[in-house]
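Written out below as structure tokens is the structure these notes cover.
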Amino acid sequence: MIDLRLLREDPDRVRASQRARGEDVALVDALLSADERRRSSGVRFDELRAEQKSLGKLIPKAAGDEKAELLERTGRLAADVKAADADRDAAASETQDLLLKLSNLVHPDVPVGGEEDFVTLETHGTIRDFDAEGFAPRDHLELGQLLAAIDVERGAKVSGSRFYFLTGVGALLELALVNAAMAQATAAGFTPMLTPALVRPQSMAGTGFLGQAAQDVYHLDKDDLYLVGTSEVALAAYHMDEIIDADRLPLRYAGFSPCFRREAGSHGKDTRGIFRVHQFDKVEMFSYVAPEDSQAEHQRLLEWEKQWLTSLELPFRVIDVASGDLGSSAARKYDCEAWIPTQGKYRELTSTSDCTEYQSRRLSIRLREDKKVRPLATLNGTLCAVPRTIVAILENHQQADGSVRVPEVLRPYLGGREILEPVTK
């Protein structure tokens with residue numbers, strides 16, 4: 001959530017952020033009104049309580065009619081205090097509810113617009129010319145079937161659409177990717193973490209995933225637990241309700257977990273293969289830093305993502321995501337999109353978001369510095385979303401005979417294997 005003081009002091013900035021996101025601007029004025037009621041009702045309650053205490057001191061000293069009058073006033077005052085307390089609680093509850101609906105403030109340098117209004121910041125690598133090489137590229141599913149690496153038919157039989165099996169070298173390729181990604185993250189100073197896939201509602205809400213993203217979340221009604229769509233949720237909630245000494249920052253974690261997404265609203269999109277699925281594994285970077293360091297940390301996370309994709313020898317671009325395409329908790333987000341030859345376009349492989357103080361305020365995570373306590377900043381960055389990375393590797397490193405060249409960085413994790421050979425021609 002945002003700082004209420006900022007809302008009071010500069011409501012136009014908050015309105016502009018809501019407008020840039022394409023979200024409800026009226027929410028700002030509703031929140032301002034609720035906050036004013038909360039503060040005025042709090043003042044009213046304090047005044048009545050003070051009067052009540054004052055009368056309580058006078059009653060033992062009074063006698064006769066004066067005491068009877070004081071007791072009568074005390075009775076009326078008790079009812080007024082109870083009503084004021086109820087008004088204060090109602091206003092505070094309304095303020096909190098509205099505050100939780102408000103998205104993070106968009107960074108002023110974020111391009112304004114919708115999904116297609118991003119700005120391309122960099123391009124890396126060389127897109128292969130398959131025509132010049134004399135063959136038409138196969139898509140990842142055909143390659144995966146040739147390699148006996150991907151089985152979507154049995155995935156659908158067992159679990160339904162958008163589920164799959166990774167088999168043989170497909171399973172080994174995932175393990176190689178996860179181990180190589182974790183090795184890079186560990187070398188960069190991240191603490192490796194295996195995180196829970198089920199979390200409580202306060203963890204999910206605290207990270208902002210029960211707002212605009214709620215339709216994509218799996219909920220277990222019987223247990224009131226949520227399946228995470230990213231280990232960001234568990235990593236953010238890891239320090240929930242804690243105060244962290246400033247000299248411990250930055251804290252950096254690399255979480256590995258299964259991820260579950262309903263993909264609501266994606267009917268008809270990416271239905272072939274394993275690009276858009278309901279369950280996948282991912283290595284996620286997560287940082288806790290002082291708020292004034294968040295922009296620099298955001299750039300560091302982006303550099304680690306670029307290092308990873310470069311090591312996989314993939315052509316990719318970096319985009320500055322437009323305001324209307326940001327998640328509710330992100331003030332700014334960069335995506336790294338790899339070239340997918342058979343689609344003839346770049347597709348998202350990694351993203352990194354600066355969530356500033358938004359999540360830490362919701363989760364009550366603070367830093368202590370010189371006896372002062374204040375919210376800290378949280379950031380997240382995908383290092384390796386496994387299925388999409390497999391898609392990019394298979395399509396970009398394929399050979400004419402259906403084999404696939406293994407990027408050098410993965411070879412130590414595949415027993416030195418340089419080529420993935422077709423099982424069937």
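Each chain in the structure tokens gets a letter, A, B and so on, in the order shown; residues start at 1 in every chain, and ligands are counted from 1 in the order they appear.
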> Per DSSP on the backbone, what are the alpha helix (DSSP H) residues of range 117-256 of chain A, as an MDAnalysis selection string?
Replying inline: chainID A and resid 130:133 140:146 152:159 169:187 201:206 232:237
Closest-contact table, range 156-197 of chain A side, partner range 228-252 of chain A, 8 Å, counting only C-alpha atoms, as CSV:
residue,atom,partner,partner_atom,distance
A:Gly189,CA,A:Arg252,CA,7.2
A:Phe190,CA,A:Arg252,CA,4.9
A:Thr191,CA,A:Arg252,CA,6.3
A:Thr195,CA,A:Ala234,CA,6.4
A:Pro196,CA,A:Ala234,CA,6.6
A:Ala197,CA,A:Val228,CA,5.4
> Could you name the residues that touch Leu326 in chain A at 10 Å or less, counting only C-alpha atoms, but leaving out those on the same chain fewer than 3 positions away, as number ranges by chain?
Replying inline: A: 21, 103-104, 106, 110, 114-115, 321-323, 329-334, 353
> Where in range 40-250 of chain A does DSSP assign strand (DSSP E), given as a ChimeraX atom specification?
Replying inline: /A:119-124,150-151,165-166,191-194,198-199,218-220,225-227,243-245
>> At a cut-off of 6 Å, using only C-alpha atoms, what residues contact range 299-312 of chain A? Leave out same-chain residues fewer than 3 positions from it and give the result as JSON, numbers by chain.
In response: {"A": [296, 383, 407]}
>> Which residues are near Glu122 in chain A? Cut-off 9 Å, only C-alpha atoms, ignore same chain within fewer than 6 positions. Put them as a VMD selection string.
In response: chain A and resid 316 to 319
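Candidate residues A:Cys259, A:Ala254, A:Ala148, A:Ala185 were compared for distance to Val217 in chain A, and the nearest is A:Cys259, using only C-alpha atoms.
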>> Given only C-alpha atoms as the basis, pick out the residue of A:His124, A:Lys371, A:Lys269, A:Arg49 nearest to Cys336 in chain A.
In response: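 Closest to Cys336 in chain A of all the choices is A:His124.
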